[in-house]
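For reference, the structure discussed in these notes is given below.
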Amino acid sequence: VITLAIESSCDETSVAVIRDGRQVMSNIISTQMDEHKKFGGVVPEVASRRHIENIQGVVQESLDEAGVTFGDIDIVGVTYGAGLVGALLVGLSTAKAISFALGVPLVGVNHIEGHICANFIAHEELEPPFACLVVSGGHTHMVEVRGYGDYNVLGMTRDDAAGEAFDKLARAIGLGYPGGSKIDRAAKLGDRNAIDFPRAYLEKGSYDFSFSGLKSAALNYLNSKKMKKEDISIEDVSASYQEAIVDVLAERSIRACLEKGYKTLAIAGGVAANSRLRERLEGDAKVHGINVKYPPIELCTDNAAMIGCAAYYDYIGGKVSSLDLNAVPGLRIGERE
Ligand code: ATP
Ligand code: MG
Ligand code: FE
């Protein structure tokens, strides 16, 4: 089965060609990051316009690189949520047009389920069941992957997402957008015990997350330093802040594996690129005989290959979409249109 997959939920226009769910024949990612940088975040209207300009070229490039033509495509997978509505609609309209013209099935994909599926591409031996920590720019979920396309959410963030927390600190200390990778880099030179930032473990037994208290604590710390005209160490603030996030993510992840009996823990989403998170999870998991899996960095952040993988397993599971499929900006894991 050859899948043409389209992703346009945020600021990446991406198109991939995937064979049998896991074999990446091409994965073209056209990012608009530089354009949004000057605004300190993604501007939805700008994103939609750029997707419109880019999409056709990226589709052609993806087919060319894969060495296939439209005639070889068996199904069309596309992100229909969660994401920015205008941005989603560009990919969705394109996918519908291709599906209709070729007379092949359309498969609407949940973007967050796509992030999880990036692990199937990266690890050919990986099969459900396993526990998965999803940490992206807009989502933070502790998930049980019970089977292909079968997800159970154990907990999620009550306020900010982990990636958002990274991006907000980066903006406050002048590292710019997107901040996660910059904080990761600065933290390597800092002392993670320098500042005692709060960890929100919430009620006993909870798998939920909360990062807004940490964000406020960091902003208060920065303000009080400024008032006292004291120097701020960007490296120490980054390392201490990152550690506060990683501590909570690691506690939830390891506990999910132990309480639910999983021997494999996968991580997914942009924050899965974080070097300290990977290091901590690998260390903590080893003690309990748990395997940790994560995708290479280019499959952690937004890309269409992961959408193609999710589309394949949805298709195999009989979940195809009709041509009146609409974009769902707030789509949740496990939810269908
Ligand atoms: P969502 O998938 O929730 O809709 P998104 O698609 O914008 O959001 P992703 O592309 O999955 O998010 O990830 C982007 C996020 O990952 C940003 O918040 C970015 O700061 C964060 N990120 C990227 N690299 C790192 C890193 N090395 N350490 C921490 N965070 C990182
Ligand atoms: Mg992005
Ligand atoms: Fe994403």
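In the structure tokens, chains take letters A, B, ... by order of appearance, with residues numbered from 1 within each chain and ligands from 1 in the order shown.
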
As a quick test: using only C-alpha atoms and all ligand atoms, which residues lie no more than 7 Å away from ligand 3? Give them as a CSV table (one decimal) with C-alpha atoms, in the first residue's frame.
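Dumped everything to selection_12.csv:
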chain,number,residue,atom,x,y,z
A,111,HIS,CA,-2.0,15.0,14.3
A,112,ILE,CA,-1.2,13.8,17.8
A,115,HIS,CA,3.4,12.1,16.5
A,136,SER,CA,4.6,18.7,21.7
A,137,GLY,CA,4.2,22.4,21.2
A,269,GLY,CA,6.3,15.2,19.7
A,270,GLY,CA,8.8,18.1,19.4
A,301,THR,CA,8.8,17.7,15.0
A,302,ASP,CA,6.0,18.1,12.4

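Shell of Ala194 (chain A) at 12 Å, with only C-alpha atoms counted and residues fewer than 2 places along the chain excluded, is A:Ala187, A:Leu189, A:Gly190, A:Asp191, A:Arg192, A:Asp196, A:Phe197, A:Ile232, A:Ser233, A:Ile234, A:Glu235, A:Asp236, A:Val237, A:Ser238, A:Ala239, A:Ser240, A:Tyr241, A:Gln242, A:Glu243, A:Ala244.
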
For the residues in that selection, give me N, CA and C atoms as a short mmCIF file (atom, residue, chain, number, x, y, z; two decimals), in the first residue's frame.
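Saved the output as selection.cif:
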data_model
loop_
_atom_site.label_atom_id
_atom_site.label_comp_id
_atom_site.auth_asym_id
_atom_site.auth_seq_id
_atom_site.Cartn_x
_atom_site.Cartn_y
_atom_site.Cartn_z
N ALA A 187 21.10 24.89 28.42
CA ALA A 187 21.06 24.11 29.67
C ALA A 187 22.28 23.22 29.83
N LEU A 189 25.20 23.97 29.50
CA LEU A 189 26.30 24.72 30.13
C LEU A 189 25.91 25.24 31.51
N GLY A 190 24.70 24.89 31.97
CA GLY A 190 24.22 25.43 33.24
C GLY A 190 24.15 24.41 34.36
N ASP A 191 23.81 24.90 35.55
CA ASP A 191 23.67 24.06 36.74
C ASP A 191 22.18 23.82 36.99
N ARG A 192 21.74 22.55 36.87
CA ARG A 192 20.30 22.29 37.00
C ARG A 192 19.80 22.41 38.43
N ASP A 196 15.65 26.56 42.51
CA ASP A 196 14.69 25.52 42.88
C ASP A 196 13.30 25.88 42.37
N PHE A 197 13.01 25.57 41.11
CA PHE A 197 11.70 25.85 40.53
C PHE A 197 10.69 24.78 40.97
N ILE A 232 21.64 37.64 35.47
CA ILE A 232 20.90 36.40 35.28
C ILE A 232 21.77 35.46 34.44
N SER A 233 21.91 34.24 34.90
CA SER A 233 22.62 33.25 34.10
C SER A 233 21.60 32.50 33.25
N ILE A 234 21.63 32.78 31.96
CA ILE A 234 20.69 32.11 31.04
C ILE A 234 20.89 30.60 31.09
N GLU A 235 22.13 30.19 31.26
CA GLU A 235 22.45 28.75 31.31
C GLU A 235 21.85 28.10 32.55
N ASP A 236 22.00 28.77 33.72
CA ASP A 236 21.47 28.19 34.96
C ASP A 236 19.94 28.19 34.96
N VAL A 237 19.34 29.28 34.50
CA VAL A 237 17.87 29.34 34.45
C VAL A 237 17.36 28.25 33.51
N SER A 238 17.99 28.10 32.36
CA SER A 238 17.56 27.09 31.39
C SER A 238 17.68 25.69 31.97
N ALA A 239 18.82 25.40 32.59
CA ALA A 239 19.05 24.06 33.13
C ALA A 239 18.08 23.74 34.26
N SER A 240 17.85 24.71 35.16
CA SER A 240 16.97 24.48 36.30
C SER A 240 15.52 24.32 35.86
N TYR A 241 15.11 25.14 34.92
CA TYR A 241 13.74 25.12 34.39
C TYR A 241 13.49 23.81 33.63
N GLN A 242 14.43 23.46 32.80
CA GLN A 242 14.32 22.21 32.03
C GLN A 242 14.22 21.02 32.97
N GLU A 243 15.01 21.05 34.05
CA GLU A 243 15.00 19.94 35.00
C GLU A 243 13.63 19.82 35.68
N ALA A 244 13.01 20.96 35.97
CA ALA A 244 11.70 20.92 36.62
C ALA A 244 10.66 20.27 35.70
#

Members of region 38-201 of chain A assigned alpha helix (DSSP H) by DSSP, as a PyMOL selection string: chain A and resi 44-66+85-102+111-122+162-172+180-187

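You can rank A:Tyr177, A:Tyr80, A:Tyr312, A:Tyr294 by their closest distance to Ala266 (chain A) using only C-alpha atoms, and at the top of that list sits A:Tyr294.
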
Contacts of chain A with ligand 2 up to 6 Å, shortest pair per row, only C-alpha atoms and all ligand atoms, as CSV:
residue,atom,partner,partner_atom_place_in_ligand_line,distance
A:Cys10,CA,ligand 2,1 (Mg),5.9
A:Asp11,CA,ligand 2,1 (Mg),4.9
A:Glu12,CA,ligand 2,1 (Mg),5.6
A:Asp302,CA,ligand 2,1 (Mg),5.8

Nearby residues, ligand 1, 7 Å, only C-alpha atoms and all ligand atoms, as a PyMOL selection string: chain A and resi 9-10+82-83+111-112+136-139+163-164+166-167+178-181+183-184+269-275+300-302

Residues from the last selection, C-alpha atoms, saved as an mmCIF file, in the first residue's frame:
data_model
loop_
_atom_site.group_PDB
_atom_site.id
_atom_site.type_symbol
_atom_site.label_atom_id
_atom_site.label_comp_id
_atom_site.auth_asym_id
_atom_site.auth_seq_id
_atom_site.Cartn_x
_atom_site.Cartn_y
_atom_site.Cartn_z
ATOM 1 C CA SER A 9 -1.543 21.821 10.856
ATOM 2 C CA CYS A 10 0.874 24.529 11.938
ATOM 3 C CA ALA A 82 -5.674 19.295 15.919
ATOM 4 C CA GLY A 83 -4.173 22.511 14.608
ATOM 5 C CA HIS A 111 -2.007 14.967 14.300
ATOM 6 C CA ILE A 112 -1.153 13.795 17.820
ATOM 7 C CA SER A 136 4.640 18.661 21.664
ATOM 8 C CA GLY A 137 4.191 22.387 21.206
ATOM 9 C CA GLY A 138 0.497 22.310 22.048
ATOM 10 C CA HIS A 139 -0.089 18.953 23.773
ATOM 11 C CA GLY A 163 6.686 22.685 24.491
ATOM 12 C CA GLU A 164 4.774 25.865 25.249
ATOM 13 C CA PHE A 166 9.908 25.817 26.886
ATOM 14 C CA ASP A 167 8.910 28.433 24.316
ATOM 15 C CA PRO A 178 11.070 28.388 18.838
ATOM 16 C CA GLY A 179 12.744 28.073 22.168
ATOM 17 C CA GLY A 180 12.918 24.383 23.071
ATOM 18 C CA SER A 181 16.088 23.527 21.211
ATOM 19 C CA ILE A 183 16.994 26.069 26.020
ATOM 20 C CA ASP A 184 18.233 22.515 25.520
ATOM 21 C CA GLY A 269 6.334 15.204 19.738
ATOM 22 C CA GLY A 270 8.789 18.079 19.424
ATOM 23 C CA VAL A 271 9.906 17.973 23.068
ATOM 24 C CA ALA A 272 10.931 14.320 22.567
ATOM 25 C CA ALA A 273 13.952 15.912 20.859
ATOM 26 C CA ASN A 274 15.092 17.241 24.251
ATOM 27 C CA SER A 275 18.453 15.735 25.153
ATOM 28 C CA CYS A 300 9.868 14.356 16.414
ATOM 29 C CA THR A 301 8.771 17.715 15.043
ATOM 30 C CA ASP A 302 6.024 18.088 12.442
#

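Relative to CA of Leu4 (chain A), CA of Ala304 (chain A) is found at 8.8 Å.
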
Pick from A:Val90, A:Val145, A:Ile18, A:Ile75, whichever lies nearest to Leu126 (chain A) using only C-alpha atoms: A:Val145

Selection: 12 Å around Cys257 (chain A), only C-alpha atoms, excl. self and same-chain fewer than 3 positions, as a PyMOL selection string: chain A and resi 129-133+142-145+154+207+250-254+260-266+281+284-285+288-292

Please produce an output containing C-alpha atoms for each residue in the selection, written as a PDB file, in the first residue's frame.
ATOM      1  CA  PRO A 129       1.075  -2.344  23.521  1.00  0.00           C
ATOM      2  CA  PHE A 130       3.327   0.286  25.080  1.00  0.00           C
ATOM      3  CA  ALA A 131       3.100   3.517  27.060  1.00  0.00           C
ATOM      4  CA  CYS A 132       3.720   6.802  25.246  1.00  0.00           C
ATOM      5  CA  LEU A 133       4.549  10.255  26.544  1.00  0.00           C
ATOM      6  CA  MET A 142       0.341  10.284  28.963  1.00  0.00           C
ATOM      7  CA  VAL A 143      -1.103   7.633  26.659  1.00  0.00           C
ATOM      8  CA  GLU A 144      -1.508   3.875  26.568  1.00  0.00           C
ATOM      9  CA  VAL A 145      -1.111   2.572  23.007  1.00  0.00           C
ATOM     10  CA  LEU A 154      -4.247   8.439  31.167  1.00  0.00           C
ATOM     11  CA  TYR A 207      -1.287  11.406  35.345  1.00  0.00           C
ATOM     12  CA  ALA A 250       9.885  11.261  33.914  1.00  0.00           C
ATOM     13  CA  GLU A 251       7.822  10.553  37.051  1.00  0.00           C
ATOM     14  CA  ARG A 252       4.589  10.219  35.023  1.00  0.00           C
ATOM     15  CA  SER A 253       6.179   8.083  32.328  1.00  0.00           C
ATOM     16  CA  ILE A 254       7.913   5.593  34.594  1.00  0.00           C
ATOM     17  CA  LYS A 260       0.012  -0.437  33.863  1.00  0.00           C
ATOM     18  CA  GLY A 261       2.622  -3.118  33.262  1.00  0.00           C
ATOM     19  CA  TYR A 262       4.360  -1.827  30.129  1.00  0.00           C
ATOM     20  CA  LYS A 263       7.924  -2.815  29.330  1.00  0.00           C
ATOM     21  CA  THR A 264       8.259  -0.232  26.567  1.00  0.00           C
ATOM     22  CA  LEU A 265       7.985   3.531  26.822  1.00  0.00           C
ATOM     23  CA  ALA A 266       7.879   5.657  23.681  1.00  0.00           C
ATOM     24  CA  LEU A 281      14.107   8.603  30.762  1.00  0.00           C
ATOM     25  CA  ASP A 284      15.246   5.917  35.033  1.00  0.00           C
ATOM     26  CA  ALA A 285      13.776   3.254  32.744  1.00  0.00           C
ATOM     27  CA  HIS A 288      13.091  -0.894  36.051  1.00  0.00           C
ATOM     28  CA  GLY A 289      13.962  -2.927  32.950  1.00  0.00           C
ATOM     29  CA  ILE A 290      11.901  -0.650  30.695  1.00  0.00           C
ATOM     30  CA  ASN A 291      12.903   0.075  27.079  1.00  0.00           C
ATOM     31  CA  VAL A 292      12.772   3.679  25.888  1.00  0.00           C
TER      32      VAL A 292
END

Members of region 145-189 of chain A assigned strand (DSSP E or B) by DSSP, as a PyMOL selection string: chain A and resi 145-147+150-157

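With only C-alpha atoms as the atoms that count, the residue of A:Ile316, A:Val153, A:Leu258, A:Met306 with the shortest distance to Phe120 (chain A) is A:Met306.
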
Residue neighbourhood Pro44 (chain A), 12 Å, only C-alpha atoms, exclusion window fewer than 3 positions, as a PyMOL selection string: chain A and resi 8-12+32+35-36+39+41+47-51+83-89

Any chance you could export the current selection's N, CA and C atoms as a PDB file, in the first residue's frame?
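Generated output (selection-v1.pdb):
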ATOM      1  N   SER A   8      -0.287  19.922   7.369  1.00  0.00           N
ATOM      2  CA  SER A   8      -0.219  21.395   7.300  1.00  0.00           C
ATOM      3  C   SER A   8      -0.904  22.005   8.523  1.00  0.00           C
ATOM      4  N   SER A   9      -0.767  21.364   9.696  1.00  0.00           N
ATOM      5  CA  SER A   9      -1.543  21.821  10.856  1.00  0.00           C
ATOM      6  C   SER A   9      -1.003  23.080  11.509  1.00  0.00           C
ATOM      7  N   CYS A  10       0.278  23.371  11.263  1.00  0.00           N
ATOM      8  CA  CYS A  10       0.874  24.529  11.938  1.00  0.00           C
ATOM      9  C   CYS A  10       1.747  25.296  10.946  1.00  0.00           C
ATOM     10  N   ASP A  11       3.045  25.292  11.140  1.00  0.00           N
ATOM     11  CA  ASP A  11       3.901  26.097  10.262  1.00  0.00           C
ATOM     12  C   ASP A  11       4.846  25.270   9.393  1.00  0.00           C
ATOM     13  N   GLU A  12       4.555  23.953   9.266  1.00  0.00           N
ATOM     14  CA  GLU A  12       5.313  23.146   8.323  1.00  0.00           C
ATOM     15  C   GLU A  12       4.364  22.644   7.241  1.00  0.00           C
ATOM     16  N   GLN A  32       8.152  27.195   7.741  1.00  0.00           N
ATOM     17  CA  GLN A  32       7.961  28.651   7.650  1.00  0.00           C
ATOM     18  C   GLN A  32       8.569  29.334   8.862  1.00  0.00           C
ATOM     19  N   GLU A  35       9.912  32.876   8.890  1.00  0.00           N
ATOM     20  CA  GLU A  35       8.914  33.905   8.666  1.00  0.00           C
ATOM     21  C   GLU A  35       8.161  34.284   9.945  1.00  0.00           C
ATOM     22  N   HIS A  36       7.933  33.290  10.819  1.00  0.00           N
ATOM     23  CA  HIS A  36       7.176  33.540  12.048  1.00  0.00           C
ATOM     24  C   HIS A  36       8.060  34.042  13.180  1.00  0.00           C
ATOM     25  N   PHE A  39       7.779  37.471  14.662  1.00  0.00           N
ATOM     26  CA  PHE A  39       6.583  37.760  15.467  1.00  0.00           C
ATOM     27  C   PHE A  39       6.630  37.038  16.813  1.00  0.00           C
ATOM     28  N   GLY A  41       6.211  33.903  17.346  1.00  0.00           N
ATOM     29  CA  GLY A  41       5.284  32.763  17.387  1.00  0.00           C
ATOM     30  C   GLY A  41       4.604  32.646  16.035  1.00  0.00           C
ATOM     31  N   ALA A  47       0.536  31.703   8.179  1.00  0.00           N
ATOM     32  CA  ALA A  47       0.752  30.268   7.968  1.00  0.00           C
ATOM     33  C   ALA A  47      -0.144  29.747   6.846  1.00  0.00           C
ATOM     34  N   SER A  48      -1.444  30.096   6.879  1.00  0.00           N
ATOM     35  CA  SER A  48      -2.373  29.619   5.845  1.00  0.00           C
ATOM     36  C   SER A  48      -1.916  30.058   4.460  1.00  0.00           C
ATOM     37  N   ARG A  49      -1.527  31.304   4.344  1.00  0.00           N
ATOM     38  CA  ARG A  49      -1.110  31.825   3.031  1.00  0.00           C
ATOM     39  C   ARG A  49       0.123  31.112   2.503  1.00  0.00           C
ATOM     40  N   ARG A  50       1.072  30.864   3.382  1.00  0.00           N
ATOM     41  CA  ARG A  50       2.292  30.172   2.945  1.00  0.00           C
ATOM     42  C   ARG A  50       1.979  28.735   2.532  1.00  0.00           C
ATOM     43  N   HIS A  51       1.090  28.069   3.280  1.00  0.00           N
ATOM     44  CA  HIS A  51       0.716  26.696   2.905  1.00  0.00           C
ATOM     45  C   HIS A  51       0.144  26.687   1.485  1.00  0.00           C
ATOM     46  N   GLY A  83      -5.036  21.532  15.243  1.00  0.00           N
ATOM     47  CA  GLY A  83      -4.173  22.511  14.608  1.00  0.00           C
ATOM     48  C   GLY A  83      -4.909  23.800  14.312  1.00  0.00           C
ATOM     49  N   LEU A  84      -4.268  24.649  13.525  1.00  0.00           N
ATOM     50  CA  LEU A  84      -4.860  25.929  13.147  1.00  0.00           C
ATOM     51  C   LEU A  84      -5.836  25.673  12.007  1.00  0.00           C
ATOM     52  N   VAL A  85      -7.061  26.172  12.138  1.00  0.00           N
ATOM     53  CA  VAL A  85      -8.099  25.779  11.175  1.00  0.00           C
ATOM     54  C   VAL A  85      -7.747  26.156   9.739  1.00  0.00           C
ATOM     55  N   GLY A  86      -7.262  27.372   9.533  1.00  0.00           N
ATOM     56  CA  GLY A  86      -6.932  27.815   8.178  1.00  0.00           C
ATOM     57  C   GLY A  86      -5.788  27.007   7.578  1.00  0.00           C
ATOM     58  N   ALA A  87      -4.831  26.677   8.414  1.00  0.00           N
ATOM     59  CA  ALA A  87      -3.678  25.896   7.968  1.00  0.00           C
ATOM     60  C   ALA A  87      -4.119  24.472   7.620  1.00  0.00           C
ATOM     61  N   LEU A  88      -4.922  23.870   8.497  1.00  0.00           N
ATOM     62  CA  LEU A  88      -5.425  22.511   8.257  1.00  0.00           C
ATOM     63  C   LEU A  88      -6.197  22.428   6.944  1.00  0.00           C
ATOM     64  N   LEU A  89      -7.021  23.446   6.681  1.00  0.00           N
ATOM     65  CA  LEU A  89      -7.897  23.409   5.502  1.00  0.00           C
ATOM     66  C   LEU A  89      -7.116  23.354   4.195  1.00  0.00           C
TER      67      LEU A  89
END

Interatomic distance (Å, one decimal) between CA of Ala305 (chain A) and CA of Ala327 (chain A):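 For CA of Ala305 (chain A) relative to CA of Ala327 (chain A), the distance reads 19.6 Å.
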
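Restricting the calculation to only C-alpha atoms, the smallest distance between Val24 (chain A) and any of A:Gly67, A:Gly176, A:Gly91, A:Pro128 is found for A:Gly67.
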